[in-house]
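Enquirer: Next comes start16.txt, compact mmCIF, C-alpha atoms:
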# COMPACT_ATOMS: atom_id res chain seq x y z
CA MET X 81 25.25 -30.48 -9.32
CA VAL X 82 24.98 -28.73 -12.66
CA ASN X 83 27.29 -25.75 -12.73
CA LEU X 84 25.28 -22.94 -14.34
CA VAL X 85 27.24 -20.13 -15.96
CA ALA X 86 25.75 -16.63 -15.72
CA LYS X 87 25.59 -14.79 -19.05
CA SER X 88 25.26 -11.03 -19.27
CA PRO X 89 22.47 -9.70 -21.54
CA CYS X 90 24.88 -8.64 -24.29
CA ALA X 91 27.30 -11.56 -23.97
CA ALA X 92 28.65 -12.52 -27.42
CA LEU X 93 27.05 -9.37 -28.90
CA LEU X 94 29.44 -6.65 -27.70
CA PRO X 95 31.85 -4.85 -27.99
CA LEU X 96 31.34 -3.35 -31.45
CA SER X 97 32.80 -0.30 -33.12
CA ALA X 98 32.24 1.64 -36.35
CA GLY X 99 33.94 4.87 -37.36
CA ASN X 100 34.71 6.83 -34.20
CA VAL X 101 31.92 5.25 -32.12
CA THR X 102 32.15 2.23 -29.84
CA LEU X 103 29.37 0.25 -28.17
CA THR X 104 30.27 -1.75 -25.07
CA GLU X 105 28.33 -3.54 -22.38
CA GLN X 106 28.29 -2.22 -18.82
CA HIS X 107 28.13 -4.55 -15.86
CA PRO X 108 26.68 -2.74 -12.84
CA ASP X 109 26.94 -4.76 -9.61
CA ALA X 110 23.20 -4.49 -9.02
CA LEU X 111 20.21 -2.69 -10.51
CA THR X 112 17.39 -1.75 -8.18
CA SER X 113 14.22 0.14 -9.07
CA VAL X 114 13.14 2.43 -6.25
CA ALA X 115 9.67 4.02 -6.26
CA PRO X 116 9.26 6.16 -3.11
CA PHE X 117 5.94 5.93 -1.27
CA ALA X 118 3.91 9.14 -1.03
CA GLU X 119 5.89 11.96 0.61
CA LYS X 120 8.86 9.68 1.41
CA GLU X 121 11.23 11.01 -1.25
CA VAL X 122 13.40 12.96 1.20
CA GLU X 123 13.89 9.91 3.43
CA VAL X 124 14.63 7.69 0.42
CA SER X 125 17.19 10.24 -0.70
CA ALA X 126 18.86 10.13 2.73
CA SER X 127 19.07 6.33 2.59
CA LEU X 128 20.60 6.35 -0.90
CA THR X 129 23.12 8.95 0.22
CA VAL X 130 24.29 6.56 2.94
CA THR X 131 24.52 3.45 0.74
CA HIS X 132 25.47 4.93 -2.65
CA GLY X 133 26.53 8.51 -1.98
CA VAL X 134 23.81 9.83 -4.29
CA ALA X 135 20.53 11.66 -3.73
CA TYR X 136 17.21 10.59 -5.25
CA PRO X 137 17.41 12.08 -8.75
CA ALA X 138 15.25 14.93 -10.02
CA VAL X 139 12.98 14.41 -13.05
CA ASN X 140 15.04 13.91 -16.25
CA HIS X 141 18.30 13.79 -14.29
CA ALA X 142 20.85 11.22 -13.12
CA VAL X 143 23.31 11.61 -10.25
CA GLY X 144 26.49 9.79 -9.30
CA LYS X 145 29.24 8.17 -11.33
CA ASP X 146 30.24 4.73 -12.59
CA GLY X 147 29.88 2.28 -9.71
CA ALA X 148 27.10 4.21 -7.94
CA ARG X 149 24.50 6.06 -9.95
CA ALA X 150 20.81 6.88 -9.56
CA ILE X 151 18.88 7.48 -12.77
CA TRP X 152 15.39 8.99 -12.95
CA PHE X 153 13.45 6.16 -14.58
CA GLY X 154 9.92 7.42 -15.07
CA GLN X 155 7.08 8.87 -13.04
CA GLY X 156 7.89 8.37 -9.35
CA GLN X 157 10.70 5.91 -9.99
CA ALA X 158 14.50 5.77 -10.08
CA MET X 159 16.93 3.03 -11.09
CA VAL X 160 19.84 2.67 -8.69
CA MET X 161 23.02 1.17 -10.16
CA GLY X 162 25.84 -0.10 -8.00
CA GLY X 163 25.75 -1.99 -4.74
CA LYS X 164 22.61 -3.20 -3.02
CA VAL X 165 20.26 -0.68 -1.39
CA SER X 166 19.56 -0.71 2.36
CA ASP X 167 17.25 -3.48 3.60
CA ASP X 168 15.29 -0.79 5.43
CA LEU X 169 14.43 0.98 2.18
CA VAL X 170 11.38 -1.28 1.76
CA GLN X 171 9.72 0.77 4.54
CA LEU X 172 9.99 3.90 2.40
CA ALA X 173 9.67 2.76 -1.20
CA ALA X 174 8.66 -0.04 -3.54
CA VAL X 175 12.02 -1.72 -4.11
CA THR X 176 12.62 -4.32 -6.83
CA ASP X 177 15.85 -6.08 -7.76
CA GLN X 178 16.25 -5.65 -11.53
CA SER X 179 19.86 -6.79 -11.79
CA ASP X 180 19.30 -9.34 -14.57
CA ALA X 181 16.37 -7.55 -16.20
CA TRP X 182 18.05 -4.77 -18.18
CA ALA X 183 20.80 -4.64 -20.78
CA VAL X 184 23.12 -1.72 -20.07
CA MET X 185 25.20 -0.46 -22.99
CA ARG X 186 27.59 2.44 -23.41
CA LEU X 187 27.79 4.35 -26.69
CA GLN X 188 30.90 6.49 -26.87
CA GLY X 189 32.66 8.58 -29.48
CA ALA X 190 32.54 11.90 -31.31
CA SER X 191 29.57 10.89 -33.51
CA SER X 192 27.56 9.09 -30.81
CA ALA X 193 24.82 11.77 -30.73
CA ASP X 194 24.52 11.45 -34.54
CA VAL X 195 24.05 7.69 -34.15
CA LEU X 196 21.28 8.17 -31.57
CA ALA X 197 19.62 10.81 -33.77
CA ARG X 198 18.81 7.99 -36.21
CA LEU X 199 17.01 5.94 -33.57
CA VAL X 200 15.62 8.29 -30.93
CA PRO X 201 12.92 11.01 -31.37
CA VAL X 202 14.55 13.33 -28.79
CA ASP X 203 17.33 15.86 -29.32
CA LEU X 204 20.39 14.38 -27.57
CA ARG X 205 23.03 16.79 -28.88
CA SER X 206 25.44 18.10 -26.24
CA SER X 207 24.04 21.64 -26.53
CA VAL X 208 20.74 20.49 -24.98
CA PHE X 209 21.59 17.11 -23.39
CA ALA X 210 24.65 17.23 -21.14
CA GLU X 211 26.23 15.05 -18.48
CA GLY X 212 23.66 14.25 -15.79
CA ASP X 213 20.68 14.51 -18.13
CA THR X 214 18.52 11.44 -18.76
CA VAL X 215 15.44 10.60 -20.83
CA ARG X 216 12.93 7.78 -20.98
CA THR X 217 12.16 7.50 -24.66
CA GLU X 218 11.99 5.24 -27.67
CA LEU X 219 15.05 3.59 -29.22
CA GLN X 220 13.84 2.40 -32.61
CA HIS X 221 10.69 0.66 -31.28
CA MET X 222 11.96 -0.24 -27.83
CA MET X 223 11.32 1.62 -24.60
CA ALA X 224 14.69 2.77 -23.35
CA SER X 225 16.50 4.87 -20.79
CA ILE X 226 19.30 7.05 -22.16
CA THR X 227 21.65 8.95 -19.87
CA CYS X 228 24.51 11.27 -20.79
CA VAL X 229 27.42 10.18 -18.56
CA GLY X 230 30.17 12.31 -20.10
CA THR X 231 31.23 14.14 -23.25
CA ASP X 232 29.96 12.15 -26.27
CA CYS X 233 29.20 9.25 -23.93
CA PHE X 234 25.76 7.71 -23.30
CA ASP X 235 24.49 4.84 -21.18
CA ILE X 236 21.57 3.11 -22.89
CA MET X 237 19.28 0.68 -21.09
CA VAL X 238 16.68 -1.59 -22.69
CA MET X 239 14.84 -4.59 -21.30
CA ARG X 240 17.06 -7.67 -21.43
CA SER X 241 14.85 -9.44 -23.97
CA PHE X 242 15.53 -6.57 -26.42
CA ALA X 243 19.33 -6.78 -26.11
CA LYS X 244 19.95 -8.43 -29.49
CA THR X 245 17.56 -6.12 -31.34
CA ALA X 246 18.98 -3.02 -29.65
CA VAL X 247 22.55 -4.02 -30.51
CA HIS X 248 21.52 -4.74 -34.12
CA ASP X 249 19.78 -1.37 -34.53
CA LEU X 250 22.58 0.57 -32.82
CA HIS X 251 25.22 -1.16 -34.95
CA ALA X 252 23.30 -0.43 -38.16
CA ALA X 253 23.08 3.26 -37.20
CA MET X 254 26.78 3.30 -36.22
CA LYS X 255 27.77 1.88 -39.62
CA SER X 256 25.51 4.36 -41.45
CA VAL X 257 27.04 7.34 -39.63
CA ALA X 258 30.57 5.97 -40.16
CA ALA X 259 29.90 5.60 -43.89
CA LEU X 260 29.24 9.35 -44.15
CA SER X 261 32.85 10.15 -43.24
CA ILE X 262 34.58 7.73 -45.63
CA MET F 67 1.79 15.69 -33.82
CA ARG F 68 3.66 16.62 -30.64
CA LEU F 69 2.42 16.31 -27.07
CA THR F 70 4.00 17.96 -24.05
CA CYS F 71 4.47 15.48 -21.23
CA PRO F 72 4.37 17.43 -17.95
CA LEU F 73 7.44 15.47 -16.82
CA CYS F 74 9.49 14.80 -19.97
CA GLY F 75 8.66 17.86 -22.09
CA GLU F 76 7.56 17.99 -25.72
CA ARG F 77 7.69 14.58 -27.36
CA ASP F 78 6.68 12.88 -30.58
CA ARG F 79 3.23 11.31 -30.75
CA ARG F 80 4.77 7.85 -31.30
CA GLU F 81 5.80 7.69 -27.62
CA PHE F 82 2.17 7.95 -26.49
CA TYR F 83 -0.77 5.54 -26.26
CA TYR F 84 -4.30 6.88 -26.68
CA LYS F 85 -6.91 5.74 -24.19
CA GLY F 86 -10.01 7.84 -24.84
CA ASP F 87 -12.23 10.39 -23.13
CA ALA F 88 -10.88 11.68 -19.80
CA ILE F 89 -14.22 10.67 -18.27
CA ALA F 90 -12.32 7.64 -16.92
CA LEU F 91 -11.18 9.94 -14.09
CA ASN F 92 -14.78 10.45 -12.95
CA ARG F 93 -15.76 6.91 -12.00
CA PRO F 94 -19.19 6.82 -10.35
CA ALA F 95 -19.70 5.36 -6.87
CA PRO F 96 -20.48 1.61 -6.88
CA ASP F 97 -24.09 2.35 -5.83
CA ALA F 98 -24.58 5.30 -8.20
CA GLY F 99 -27.19 3.41 -10.16
CA THR F 100 -27.48 1.96 -13.64
CA ASP F 101 -28.03 5.30 -15.39
CA ALA F 102 -24.79 6.77 -14.03
CA TRP F 103 -22.85 3.60 -14.87
CA ASP F 104 -24.40 3.36 -18.35
CA ASP F 105 -23.34 6.96 -18.97
CA TYR F 106 -19.82 6.33 -17.65
CA LEU F 107 -19.22 3.14 -19.60
CA TYR F 108 -20.96 3.71 -22.93
CA LEU F 109 -22.17 7.25 -23.63
CA ARG F 110 -19.70 9.67 -25.19
CA ASP F 111 -19.98 13.12 -26.67
CA ASN F 112 -18.44 13.65 -30.09
CA PRO F 113 -17.58 17.33 -29.89
CA ALA F 114 -16.52 19.54 -32.78
CA GLY F 115 -14.23 21.64 -30.63
CA VAL F 116 -12.45 21.27 -27.31
CA THR F 117 -12.25 17.80 -25.79
CA LYS F 118 -10.20 16.11 -23.08
CA ASP F 119 -8.48 12.77 -23.65
CA LEU F 120 -6.36 10.42 -21.60
CA TRP F 121 -2.99 9.51 -23.11
CA GLN F 122 -0.22 7.44 -21.60
CA HIS F 123 3.44 8.30 -22.12
CA GLU F 124 3.96 4.64 -22.88
CA LEU F 125 7.51 4.69 -24.24
CA GLY F 126 8.57 7.47 -21.89
CA CYS F 127 7.89 8.01 -18.20
CA SER F 128 4.69 5.87 -18.17
CA ALA F 129 2.60 8.75 -16.76
CA TRP F 130 -1.07 9.11 -17.66
CA ILE F 131 -1.76 12.56 -19.06
CA VAL F 132 -4.94 14.57 -19.61
CA VAL F 133 -4.64 16.28 -22.98
CA GLU F 134 -7.02 19.12 -23.84
CA ARG F 135 -7.25 19.55 -27.60
CA ASN F 136 -9.46 20.97 -30.31
CA THR F 137 -10.85 18.41 -32.74
CA VAL F 138 -11.53 21.10 -35.36
CA THR F 139 -8.20 22.92 -35.42
CA HIS F 140 -6.05 20.04 -34.06
CA GLU F 141 -4.54 22.45 -31.52
CA VAL F 142 -3.24 20.88 -28.33
CA LEU F 143 -4.37 23.38 -25.70
CA SER F 144 -2.95 21.95 -22.47
CA THR F 145 -1.58 18.83 -20.81
CA ALA F 146 -1.59 17.80 -17.15
CA LEU F 147 -0.68 14.72 -15.13
CA ALA F 148 -3.82 12.64 -14.59
CA SER F 149 -2.72 12.11 -10.98
CA ASP F 150 -2.71 15.89 -10.41
CA VAL F 151 -6.10 16.31 -12.11
CA LYS F 152 -7.59 13.56 -9.96
CA LYS F 153 -6.15 15.03 -6.74
CA ALA F 154 -7.56 18.46 -7.60
CA THR F 155 -11.09 17.07 -7.96
CA LYS F 156 -11.08 15.18 -4.65
Transcribe the structure of this file into structure tokens.
Expert:
Amino acid sequence: MVNLVAKSPCAALLPLSAGNVTLTEQHPDALTSVAPFAEKEVEVSASLTVTHGVAYPAVNHAVGKDGARAIWFGQGQAMVMGGKVSDDLVQLAAVTDQSDAWAVMRLQGASSADVLARLVPVDLRSSVFAEGDTVRTELQHMMASITCVGTDCFDIMVMRSFAKTAVHDLHAAMKSVAALSI
Amino acid sequence: MRLTCPLCGERDRREFYYKGDAIALNRPAPDAGTDAWDDYLYLRDNPAGVTKDLWQHELGCSAWIVVERNTVTHEVLSTALASDVKKATK
């Protein structure tokens, strides 16, 4: 038998750092998109509370912490990070395993909002975008999910096929911002 | 140009995809006849004034949005989720 080795989306690309900002890859156990059927959101929320200890997130919000987090991921949809969801959830929602489909990166450091300001057409400064806030928006030309998970700390998700481009663009912005403080 | 997504809030135009006249929400019945289908598929007004378009928040939440705007002044007058507009007309 051929022994296949699993590679994460950003393998050999990360970690990187420039100035006071670091970019690292995150490795959630599983990623599951959950789109509740009509009027089933409350029951979906109850199921996620049992398996992940988080409720179904409100629009533009994320709940939970590293290891178990639910991120609002667009109209009628959330991305659940952490362990697997309940098998029974398929009765209440459209459930899709996305574990290998998204690159998950963490941008951290005092100037991280300045880095994102060069790539994202949404104000992500801490005064308006705090822990627990999330946006679906554009990162350079890629559709992305950006969540504030702490002070000067953002989780960025892009489709796996964009991993190399996203890392390149983020690194270029990180170096540009770092150059300002030399 | 900025559009207000009912879910995400005010966003840059680059996040949106333009579809066309919001008539797409008023699909005729299959047996409505050739005149109704001809009108639905091919005939469009070209108003100097208020018009309604369908846009998709393509790089954002993926919602379809009905945008009411003025072609003369370029004002965006209102936005609403297409799903809500469709439900209201049923």
Enquirer: At a cut-off of 9 Å, using only C-alpha atoms, what residues contact segment 74-81 of chain F? Leave out same-chain residues fewer than 5 positions from it and give the result as a PyMOL selection string.
Expert: (chain X and resi 139-140+154+201-202+215-218+223) or (chain F and resi 67-69+122-127)
Enquirer: Using only C-alpha atoms, which of X:Ala181, X:Leu172, X:Met81, X:Met222 sits nearest chain F?
Expert: X:Met222
Enquirer: Mind pulling up the distance from atom CA of Trp152 of chain X to atom CA of Arg135 of chain F?
Expert: 29.0 Å
Enquirer: Could you name the residues that touch Thr227 of chain X at 6 Å or less, counting all atoms listed in the file, but leaving out those on the same chain fewer than 6 positions away, as a list of chain:residue names?
Expert: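 Counting only the stated atoms, we get X:Asp213, X:Thr214, X:Phe234, X:Asp235.
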Enquirer: I'd like to know which of F:Ile89, F:Ala154, F:Leu109, F:Leu147 is closest to chain X, using only C-alpha atoms.
Expert: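 Among F:Ile89, F:Ala154, F:Leu109, F:Leu147, it is F:Leu147 that comes nearest to chain X.
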Enquirer: Mind pulling up the distance from atom CA of Leu187 of chain X to atom CA of Ser207 of chain X?
Expert: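 Value for the atom CA of Ser207 of chain X-atom CA of Leu187 of chain X distance: 17.7 Å.
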Enquirer: Just to confirm, what's the straight-line distance from atom CA of Ala95 of chain F to atom CA of Asp119 of chain F in Å (one decimal)?
Expert: 21.5 Å
Enquirer: With distances taken over only C-alpha atoms, which residue among X:Thr129, X:Glu121, X:Ile226, X:Thr245 lies nearest Leu196 of chain X?
Expert: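 Of the candidates, the smallest distance to Leu196 of chain X is held by X:Ile226.
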Enquirer: Report, as AutoDock Vina command-line options, the centre and edge lengths in Å (one decimal) of the axis-aligned box enclosing every listed atom of segment 150-155 of chain X, padded by 4 Å on each side.
Expert:
--center_x 13.9 --center_y 7.6 --center_z -12.3 --size_x 21.7 --size_y 10.8 --size_z 13.5
Enquirer: Can you tell me which residues surround Leu143 of chain F at a distance of at most 10 Å, considering all atoms listed in the file, apart from same-chain residues fewer than 2 positions away, and format the answer as number ranges by chain?
Expert: F: 69, 116-118, 133-136, 140-141, 145
Enquirer: Using the selection just defined, write its residues with C-alpha atoms as a PDB file, in the coordinates of the input.
Expert:
ATOM      1  CA  LEU F  69       2.420  16.310 -27.070  1.00  0.00           C
ATOM      2  CA  VAL F 116     -12.450  21.270 -27.310  1.00  0.00           C
ATOM      3  CA  THR F 117     -12.250  17.800 -25.790  1.00  0.00           C
ATOM      4  CA  LYS F 118     -10.200  16.110 -23.080  1.00  0.00           C
ATOM      5  CA  VAL F 133      -4.640  16.280 -22.980  1.00  0.00           C
ATOM      6  CA  GLU F 134      -7.020  19.120 -23.840  1.00  0.00           C
ATOM      7  CA  ARG F 135      -7.250  19.550 -27.600  1.00  0.00           C
ATOM      8  CA  ASN F 136      -9.460  20.970 -30.310  1.00  0.00           C
ATOM      9  CA  HIS F 140      -6.050  20.040 -34.060  1.00  0.00           C
ATOM     10  CA  GLU F 141      -4.540  22.450 -31.520  1.00  0.00           C
ATOM     11  CA  THR F 145      -1.580  18.830 -20.810  1.00  0.00           C
TER      12      THR F 145
END
Enquirer: Go through F:Gly86, F:Val151, F:Ala129, F:Thr137 and flag the residue nearest chain X, using only C-alpha atoms for the distances.
Expert: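 Using only C-alpha atoms, chain X sits closest to F:Ala129.
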Enquirer: Quick one: of X:Val247, X:Leu169, X:Ala210, X:Ala258, who's nearest to His141 of chain X, counting only C-alpha atoms?
Expert: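 Under the stated criterion, the closest residue is X:Ala210.
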Enquirer: Smallest atom-to-atom distance to Ser128 of chain F: which of F:Ala148, F:Ala98, F:Ala90, F:Val142, using all atoms listed in the file?
Expert: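 Closest candidate: F:Ala148.
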Enquirer: Export segment 116-138 of chain F from the structure block above, keeping N, CA, C and O atoms, as a PDB file, in the first residue's frame.
Expert:
ATOM      1  N   VAL F 116     -36.116  56.116 -10.975  1.00  0.00           N
ATOM      2  CA  VAL F 116     -36.001  55.015 -10.002  1.00  0.00           C
ATOM      3  C   VAL F 116     -36.146  53.669 -10.699  1.00  0.00           C
ATOM      4  O   VAL F 116     -37.034  53.467 -11.532  1.00  0.00           O
ATOM      5  N   THR F 117     -35.242  52.759 -10.394  1.00  0.00           N
ATOM      6  CA  THR F 117     -35.309  51.404 -10.934  1.00  0.00           C
ATOM      7  C   THR F 117     -34.903  50.413  -9.849  1.00  0.00           C
ATOM      8  O   THR F 117     -34.276  50.792  -8.852  1.00  0.00           O
ATOM      9  N   LYS F 118     -35.285  49.159 -10.044  1.00  0.00           N
ATOM     10  CA  LYS F 118     -34.906  48.122  -9.074  1.00  0.00           C
ATOM     11  C   LYS F 118     -34.046  47.071  -9.763  1.00  0.00           C
ATOM     12  O   LYS F 118     -34.427  46.546 -10.802  1.00  0.00           O
ATOM     13  N   ASP F 119     -32.918  46.766  -9.164  1.00  0.00           N
ATOM     14  CA  ASP F 119     -31.981  45.790  -9.718  1.00  0.00           C
ATOM     15  C   ASP F 119     -31.788  44.650  -8.727  1.00  0.00           C
ATOM     16  O   ASP F 119     -31.973  44.813  -7.529  1.00  0.00           O
ATOM     17  N   LEU F 120     -31.316  43.526  -9.273  1.00  0.00           N
ATOM     18  CA  LEU F 120     -30.840  42.439  -8.419  1.00  0.00           C
ATOM     19  C   LEU F 120     -29.312  42.476  -8.394  1.00  0.00           C
ATOM     20  O   LEU F 120     -28.662  42.523  -9.434  1.00  0.00           O
ATOM     21  N   TRP F 121     -28.758  42.441  -7.197  1.00  0.00           N
ATOM     22  CA  TRP F 121     -27.313  42.332  -7.009  1.00  0.00           C
ATOM     23  C   TRP F 121     -27.061  41.133  -6.096  1.00  0.00           C
ATOM     24  O   TRP F 121     -27.896  40.803  -5.256  1.00  0.00           O
ATOM     25  N   GLN F 122     -25.906  40.514  -6.263  1.00  0.00           N
ATOM     26  CA  GLN F 122     -25.534  39.464  -5.321  1.00  0.00           C
ATOM     27  C   GLN F 122     -24.310  39.896  -4.527  1.00  0.00           C
ATOM     28  O   GLN F 122     -23.333  40.400  -5.107  1.00  0.00           O
ATOM     29  N   HIS F 123     -24.353  39.680  -3.224  1.00  0.00           N
ATOM     30  CA  HIS F 123     -23.194  39.997  -2.383  1.00  0.00           C
ATOM     31  C   HIS F 123     -22.185  38.848  -2.510  1.00  0.00           C
ATOM     32  O   HIS F 123     -21.960  38.068  -1.591  1.00  0.00           O
ATOM     33  N   GLU F 124     -21.569  38.837  -3.689  1.00  0.00           N
ATOM     34  CA  GLU F 124     -20.794  37.697  -4.162  1.00  0.00           C
ATOM     35  C   GLU F 124     -19.587  37.380  -3.274  1.00  0.00           C
ATOM     36  O   GLU F 124     -19.323  36.226  -2.957  1.00  0.00           O
ATOM     37  N   LEU F 125     -18.848  38.418  -2.900  1.00  0.00           N
ATOM     38  CA  LEU F 125     -17.656  38.191  -2.077  1.00  0.00           C
ATOM     39  C   LEU F 125     -17.970  38.350  -0.585  1.00  0.00           C
ATOM     40  O   LEU F 125     -17.073  38.355   0.247  1.00  0.00           O
ATOM     41  N   GLY F 126     -19.244  38.478  -0.268  1.00  0.00           N
ATOM     42  CA  GLY F 126     -19.627  38.604   1.132  1.00  0.00           C
ATOM     43  C   GLY F 126     -20.483  37.428   1.548  1.00  0.00           C
ATOM     44  O   GLY F 126     -20.052  36.281   1.469  1.00  0.00           O
ATOM     45  N   CYS F 127     -21.738  37.706   1.909  1.00  0.00           N
ATOM     46  CA  CYS F 127     -22.591  36.674   2.502  1.00  0.00           C
ATOM     47  C   CYS F 127     -23.338  35.855   1.457  1.00  0.00           C
ATOM     48  O   CYS F 127     -24.101  34.960   1.804  1.00  0.00           O
ATOM     49  N   SER F 128     -23.160  36.164   0.171  1.00  0.00           N
ATOM     50  CA  SER F 128     -23.771  35.444  -0.949  1.00  0.00           C
ATOM     51  C   SER F 128     -25.269  35.707  -1.107  1.00  0.00           C
ATOM     52  O   SER F 128     -25.923  35.073  -1.937  1.00  0.00           O
ATOM     53  N   ALA F 129     -25.827  36.635  -0.345  1.00  0.00           N
ATOM     54  CA  ALA F 129     -27.263  36.932  -0.453  1.00  0.00           C
ATOM     55  C   ALA F 129     -27.561  37.693  -1.742  1.00  0.00           C
ATOM     56  O   ALA F 129     -26.748  38.492  -2.217  1.00  0.00           O
ATOM     57  N   TRP F 130     -28.752  37.421  -2.310  1.00  0.00           N
ATOM     58  CA  TRP F 130     -29.265  38.236  -3.412  1.00  0.00           C
ATOM     59  C   TRP F 130     -30.025  39.412  -2.812  1.00  0.00           C
ATOM     60  O   TRP F 130     -30.796  39.241  -1.863  1.00  0.00           O
ATOM     61  N   ILE F 131     -29.814  40.583  -3.389  1.00  0.00           N
ATOM     62  CA  ILE F 131     -30.339  41.811  -2.803  1.00  0.00           C
ATOM     63  C   ILE F 131     -31.065  42.619  -3.877  1.00  0.00           C
ATOM     64  O   ILE F 131     -30.581  42.731  -5.012  1.00  0.00           O
ATOM     65  N   VAL F 132     -32.245  43.140  -3.527  1.00  0.00           N
ATOM     66  CA  VAL F 132     -32.957  44.057  -4.412  1.00  0.00           C
ATOM     67  C   VAL F 132     -32.517  45.477  -4.052  1.00  0.00           C
ATOM     68  O   VAL F 132     -32.693  45.915  -2.915  1.00  0.00           O
ATOM     69  N   VAL F 133     -31.909  46.148  -5.016  1.00  0.00           N
ATOM     70  CA  VAL F 133     -31.415  47.510  -4.790  1.00  0.00           C
ATOM     71  C   VAL F 133     -32.290  48.479  -5.573  1.00  0.00           C
ATOM     72  O   VAL F 133     -32.433  48.348  -6.790  1.00  0.00           O
ATOM     73  N   GLU F 134     -32.894  49.433  -4.869  1.00  0.00           N
ATOM     74  CA  GLU F 134     -33.673  50.481  -5.522  1.00  0.00           C
ATOM     75  C   GLU F 134     -32.778  51.700  -5.666  1.00  0.00           C
ATOM     76  O   GLU F 134     -32.222  52.185  -4.677  1.00  0.00           O
ATOM     77  N   ARG F 135     -32.598  52.157  -6.894  1.00  0.00           N
ATOM     78  CA  ARG F 135     -31.683  53.280  -7.107  1.00  0.00           C
ATOM     79  C   ARG F 135     -32.223  54.200  -8.188  1.00  0.00           C
ATOM     80  O   ARG F 135     -33.144  53.847  -8.925  1.00  0.00           O
ATOM     81  N   ASN F 136     -31.638  55.385  -8.251  1.00  0.00           N
ATOM     82  CA  ASN F 136     -32.060  56.385  -9.220  1.00  0.00           C
ATOM     83  C   ASN F 136     -30.982  56.514 -10.284  1.00  0.00           C
ATOM     84  O   ASN F 136     -29.844  56.879  -9.988  1.00  0.00           O
ATOM     85  N   THR F 137     -31.358  56.226 -11.535  1.00  0.00           N
ATOM     86  CA  THR F 137     -30.349  56.228 -12.606  1.00  0.00           C
ATOM     87  C   THR F 137     -29.917  57.641 -12.983  1.00  0.00           C
ATOM     88  O   THR F 137     -28.906  57.817 -13.656  1.00  0.00           O
ATOM     89  N   VAL F 138     -30.690  58.643 -12.561  1.00  0.00           N
ATOM     90  CA  VAL F 138     -30.343  60.033 -12.901  1.00  0.00           C
ATOM     91  C   VAL F 138     -29.391  60.618 -11.863  1.00  0.00           C
ATOM     92  O   VAL F 138     -28.359  61.204 -12.193  1.00  0.00           O
TER      93      VAL F 138
END
